[in-house]
Every structure is written in C-alpha cells, then in structure tokens.
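Asker: One structure coming up, written as structure tokens, with questions to follow.
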Amino acid sequence: MHTRRSFLKNSTLASAGVLAAPSLSSFLPAAGPVIGLQLYTVRDFMAKDPDGTLGRVAQIGFNSLEGATYNDGKENFYGMDPKTFAAMLKKHGLVMRSCHYRLGEDGNGATLTNGEFKGTILHDWDKAVADAHTLGLQYMICAWLSDKERGGLGHYKKMAADFNIAGEKCKKAGIQFCHHNHDFEFDPQSGKSGYEILLKETDPQLVKMELDLYWATKAGQDPVKLFEAHPGRFPLWHLKDMDKTPQHSFTEVGNGSIDFKRIFAAKAKAGMKYFFVEQDKCPGSPFDSITKSITYIKQNLV
C-alpha cells in the first residue's frame, strides 16, 4: 500500500524543469464568449477522424474543449502524443482546457500494462500529469467511478485521500484537479453521501468539482444550493438538459426542464471558470444536437 509520502517522493514531477508553466499562448482567451464542448459527445467521430471532427466543432462555434480519452492503456490523446495533438488543436483555433481520467481500480475493459490500468489516478499518474502539462491543460478530472470504485463511505474516504495526492501532483505542474459527478455519488448511505465525503475529506485547494448539472439534478440536488454551501468549489460545469418525459433522458441545452438561467446567475458563487456542453446520447447526429445547444447558450446564457 502506498503512503502519501512515498507517493509524492516517487513523483517524476519533482524536477524543476517539468514544473515550468505551460506557454501562455495555451491560455489565450478565444474570440467571443468561451463556449466549451466535452468531446465525449462526438466520440465516435473523434475515433475515426479527429482532424475533421475538430474542424466541424470549431465551425459550429465551440472554442474550448474537454477531452474524454487518455487512460485507455495507450496514454495518448486521440491516438496522438501531446505535441502532435496540440498542433491539431491550434490548426482549428481550439484550446483544450481539461481532460477526463479514470481512478484506475479496475480496467473496465481497457488495455492493461503489467496488470495496471495505465494513465489513471492510481497508475502512472506522473506521466499523465506530465503529458497534460505538455498539452497545456488547466484541469485534470476524475471522470467516472465503476461499480467497484464506488463502494461504501469508507471507500470514498480512501478515494478522497487518493484525490488529495493526485491534486498535489497536479498543483506542482500548475494544473487543478477536479472530480466529475454522476448521480450515484449522491446516494444516501447512513445519512451521508459519497459526494459529501469527497467535499469534506479533500483539500478545497487541491480538489475541486466539475458539477454535471444534469446528473446532480437527476439525483435531486439543487446546484445553486451546492454552490451556496461550498462557494468557489465548482470551477467547471457540464451542461446537458433533462427532457420532460418520465425517463428524464438527455436532451439539448434549453430543450428540457433544467433552469440554466437561474444556475448561471449563481456562477460567481460557484467559482465557475468554464463550462462544457456534453450530451451522452443524441437522438440523431451529435453535430445537430450541439448546434442546438450552442444556439440556445449564445442567445440566453452568455
């Protein structure tokens, strides 16, 4: 079992050379409002043609991105090393501000190297952070927890300790660590929830939250009340709407029941810096769905 001291001691980011800040050009503000897209929405297209897909995304009007691949056992960004992928982003006038990663307690069908789920928080995190730094990421996000990784409240406490360690490594590279929620983190366990444990047991400076507004709402949570209870803890948001059917399925932003105008009015309290449209499932072409979402956002939210 690793300890906090041994984990940090072994970090390859201990050298000053790696800790130099990324080029400021990585963070230059885009022209017009900054509107982000989580690339999971167009995952099938990114897998087949990342260059063409990024071009279409930029043409629709998105200028800020969040990645959805790295810890697939190959430790790259859509089949590319950080510098190659950065050049492709620059070609289309796009900035990738954050990327999703896995905790890594199980492989979830991904390629394993020496029995480990590489490029995750628990396995080869040093390389993941170094590559994120090279790409110029500002945030690294724990994306999702498998059934095994959720566990009880005691397991969430262990996870919080792992997050603190991961967050400290990110901080050394000038990156902020965050956790992205679904609905299960809010499930009550002995009067508490895993999400409460993560908020309480992690260092607020090392571990912040990317609040998925859909999943939090589906879990019966009021995002504004979360912001009020934990101000400044939510620098990133995921935007997808909840349709008005009994199934409460995913739908385009502005096409459902979530009151985004009320939530955006509380963005200062939340500490929100960036948001990303994400629609896990689309009724037709994801490009049609994200076009509808960005149209509503431009007309109503930014």
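The way I read the labels, and the way they are meant: chains A, B, ... in the order of the structure tokens, residue 1 as the first residue of every chain, and ligand 1 as the first ligand shown, with later ones counted on from there.
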DSSP on the backbone: what in stretch 214-268 of chain A comes out strand (DSSP E), as an MDAnalysis selection string?
Answerer: chainID A and resid 236:239 241:242 250:251
Asker: Can you tell me, as a ChimeraX atom specification, which residues in stretch 149-299 of chain A count as alpha helix (DSSP H) by DSSP?
Answerer: /A:149-150,153-172,194-201,213-218,223-229,260-264,267-270,286-299
Asker: With only C-alpha atoms as the counted atoms, please give the residues lying no more than 12 Å from stretch 46-49 of chain A, apart from itself and same-chain residues fewer than 3 positions off, as a PyMOL selection string.
Answerer: chain A and resi 38-43+52-57+67-69+77-80+88+286
Asker: Let me see the file: selected residues, N, CA and C atoms, as an mmCIF file, in the first residue's frame.
Answerer:
data_model
loop_
_atom_site.group_PDB
_atom_site.id
_atom_site.type_symbol
_atom_site.label_atom_id
_atom_site.label_comp_id
_atom_site.auth_asym_id
_atom_site.auth_seq_id
_atom_site.Cartn_x
_atom_site.Cartn_y
_atom_site.Cartn_z
ATOM 1 N N GLN A 38 -17.473 18.996 -24.388
ATOM 2 C CA GLN A 38 -16.843 17.761 -23.956
ATOM 3 C C GLN A 38 -16.872 16.812 -25.160
ATOM 4 N N LEU A 39 -15.689 16.379 -25.597
ATOM 5 C CA LEU A 39 -15.575 15.622 -26.837
ATOM 6 C C LEU A 39 -16.180 14.217 -26.767
ATOM 7 N N TYR A 40 -16.588 13.786 -25.591
ATOM 8 C CA TYR A 40 -17.305 12.510 -25.486
ATOM 9 C C TYR A 40 -18.578 12.543 -26.329
ATOM 10 N N THR A 41 -19.138 13.728 -26.495
ATOM 11 C CA THR A 41 -20.362 13.899 -27.273
ATOM 12 C C THR A 41 -20.156 13.444 -28.717
ATOM 13 N N VAL A 42 -18.966 13.658 -29.255
ATOM 14 C CA VAL A 42 -18.663 13.290 -30.644
ATOM 15 C C VAL A 42 -17.590 12.202 -30.682
ATOM 16 N N ARG A 43 -17.621 11.310 -29.689
ATOM 17 C CA ARG A 43 -16.571 10.312 -29.505
ATOM 18 C C ARG A 43 -16.378 9.390 -30.708
ATOM 19 N N GLY A 52 -10.895 16.093 -38.865
ATOM 20 C CA GLY A 52 -12.132 16.567 -39.466
ATOM 21 C C GLY A 52 -13.189 16.906 -38.427
ATOM 22 N N THR A 53 -13.227 16.116 -37.358
ATOM 23 C CA THR A 53 -14.221 16.364 -36.305
ATOM 24 C C THR A 53 -13.956 17.674 -35.591
ATOM 25 N N LEU A 54 -12.698 17.941 -35.277
ATOM 26 C CA LEU A 54 -12.355 19.201 -34.614
ATOM 27 C C LEU A 54 -12.677 20.389 -35.508
ATOM 28 N N GLY A 55 -12.494 20.209 -36.808
ATOM 29 C CA GLY A 55 -12.844 21.273 -37.740
ATOM 30 C C GLY A 55 -14.336 21.572 -37.711
ATOM 31 N N ARG A 56 -15.154 20.531 -37.666
ATOM 32 C CA ARG A 56 -16.612 20.723 -37.615
ATOM 33 C C ARG A 56 -17.031 21.370 -36.294
ATOM 34 N N VAL A 57 -16.417 20.947 -35.208
ATOM 35 C CA VAL A 57 -16.727 21.516 -33.893
ATOM 36 C C VAL A 57 -16.417 23.011 -33.868
ATOM 37 N N GLY A 67 -11.284 16.943 -23.096
ATOM 38 C CA GLY A 67 -11.020 15.640 -23.679
ATOM 39 C C GLY A 67 -11.691 14.518 -22.918
ATOM 40 N N ALA A 68 -11.856 13.389 -23.612
ATOM 41 C CA ALA A 68 -12.517 12.232 -22.998
ATOM 42 C C ALA A 68 -11.691 10.969 -23.162
ATOM 43 N N THR A 69 -10.439 11.109 -23.557
ATOM 44 C CA THR A 69 -9.618 9.919 -23.734
ATOM 45 C C THR A 69 -8.183 10.213 -23.328
ATOM 46 N N PHE A 77 -3.600 11.205 -26.566
ATOM 47 C CA PHE A 77 -4.814 11.981 -26.790
ATOM 48 C C PHE A 77 -5.337 11.700 -28.194
ATOM 49 N N TYR A 78 -6.369 10.910 -28.269
ATOM 50 C CA TYR A 78 -6.973 10.567 -29.552
ATOM 51 C C TYR A 78 -5.944 10.030 -30.549
ATOM 52 N N GLY A 79 -5.091 9.134 -30.023
ATOM 53 C CA GLY A 79 -4.090 8.484 -30.856
ATOM 54 C C GLY A 79 -2.844 9.300 -31.106
ATOM 55 N N MET A 80 -2.718 10.451 -30.440
ATOM 56 C CA MET A 80 -1.575 11.338 -30.672
ATOM 57 C C MET A 80 -0.845 11.667 -29.386
ATOM 58 N N MET A 88 -2.720 20.056 -33.761
ATOM 59 C CA MET A 88 -4.014 19.905 -34.427
ATOM 60 C C MET A 88 -5.046 20.866 -33.837
ATOM 61 N N PRO A 286 -24.852 13.952 -33.491
ATOM 62 C CA PRO A 286 -24.432 14.788 -32.369
ATOM 63 C C PRO A 286 -24.097 16.214 -32.797
#
Asker: What lies within 8 Å of stretch 211-228 of chain A using only C-alpha atoms, ignoring chain neighbours under 5 positions off, as a VMD selection string?
Answerer: chain A and resid 180 to 184 186 to 187 233 to 234 236 to 242 248 258 263 266 269 to 270
Asker: Which polymer residues have any atom within 7 Å of an atom of A:Val95, counting only C-alpha atoms, with same-chain residues fewer than 3 positions away left out, as a list of chain:residue names?
Answerer: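 Here the answer would be A:Ser26, A:Asn63, A:Ser64, A:Leu65, A:Leu89.
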Asker: With stretch 122-143 of chain A as the partner and 10 Å as the cut-off, tabulate the residues of stretch 149-169 of chain A that qualify, each row holding the nearest pair of atoms and their distance in Å to one decimal, using only C-alpha atoms, sorted by chain and rising number, as a Markdown table.
Answerer:
| residue | atom | partner | partner_atom | distance |
| --- | --- | --- | --- | --- |
| A:Asp162 | CA | A:Leu122 | CA | 7.7 |
| A:Phe163 | CA | A:Cys142 | CA | 8.7 |
| A:Ile165 | CA | A:Leu122 | CA | 9.8 |
| A:Ala166 | CA | A:Trp125 | CA | 7.5 |
| A:Gly167 | CA | A:Met140 | CA | 8.8 |
| A:Lys169 | CA | A:Val129 | CA | 7.5 |
Asker: Rounded to one decimal in Å, what is the spacing between atom CA of A:Ile197 and atom CA of A:Lys157?
Answerer: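 Separating atom CA of A:Ile197 from atom CA of A:Lys157 is a distance of 6.4 Å.
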Asker: Please list as a ChimeraX atom specification every residue within 8 Å of A:Leu103, counting only C-alpha atoms and excluding residues in the same chain fewer than 6 positions away.
Answerer: /A:120-122,142,144-145,149
Asker: Output N, CA and C atoms for every residue in the selection just made, as a PDB file, in the first residue's frame.
Answerer:
ATOM      1  N   THR A 120      -3.966   6.448 -15.236  1.00  0.00           N
ATOM      2  CA  THR A 120      -5.056   6.754 -14.322  1.00  0.00           C
ATOM      3  C   THR A 120      -4.511   7.380 -13.044  1.00  0.00           C
ATOM      4  N   ILE A 121      -5.424   7.779 -12.173  1.00  0.00           N
ATOM      5  CA  ILE A 121      -5.046   8.427 -10.922  1.00  0.00           C
ATOM      6  C   ILE A 121      -4.175   7.510 -10.069  1.00  0.00           C
ATOM      7  N   LEU A 122      -4.445   6.213 -10.126  1.00  0.00           N
ATOM      8  CA  LEU A 122      -3.708   5.265  -9.288  1.00  0.00           C
ATOM      9  C   LEU A 122      -2.557   4.573  -9.998  1.00  0.00           C
ATOM     10  N   CYS A 142     -11.262  13.552 -12.586  1.00  0.00           N
ATOM     11  CA  CYS A 142     -11.700  12.172 -12.394  1.00  0.00           C
ATOM     12  C   CYS A 142     -13.084  12.070 -13.014  1.00  0.00           C
ATOM     13  N   TRP A 144     -15.309   9.287 -13.838  1.00  0.00           N
ATOM     14  CA  TRP A 144     -16.396   8.351 -13.572  1.00  0.00           C
ATOM     15  C   TRP A 144     -15.872   7.250 -12.669  1.00  0.00           C
ATOM     16  N   LEU A 145     -16.752   6.696 -11.853  1.00  0.00           N
ATOM     17  CA  LEU A 145     -16.378   5.612 -10.947  1.00  0.00           C
ATOM     18  C   LEU A 145     -17.158   4.364 -11.318  1.00  0.00           C
ATOM     19  N   GLU A 149     -15.459   0.833  -7.846  1.00  0.00           N
ATOM     20  CA  GLU A 149     -14.783   2.012  -7.306  1.00  0.00           C
ATOM     21  C   GLU A 149     -15.674   2.860  -6.401  1.00  0.00           C
TER      22      GLU A 149
END
Asker: With distances taken over only C-alpha atoms, which of A:Gln247, A:Ser193, A:Asn164, A:Gln176 is nearest to A:Gly152?
Answerer: A:Ser193
Asker: Under the rule that only C-alpha atoms are counted, which of A:Ile294, A:Ser289, A:Asn300, A:Gly174 is the nearest residue to A:Arg262?
Answerer: A:Asn300
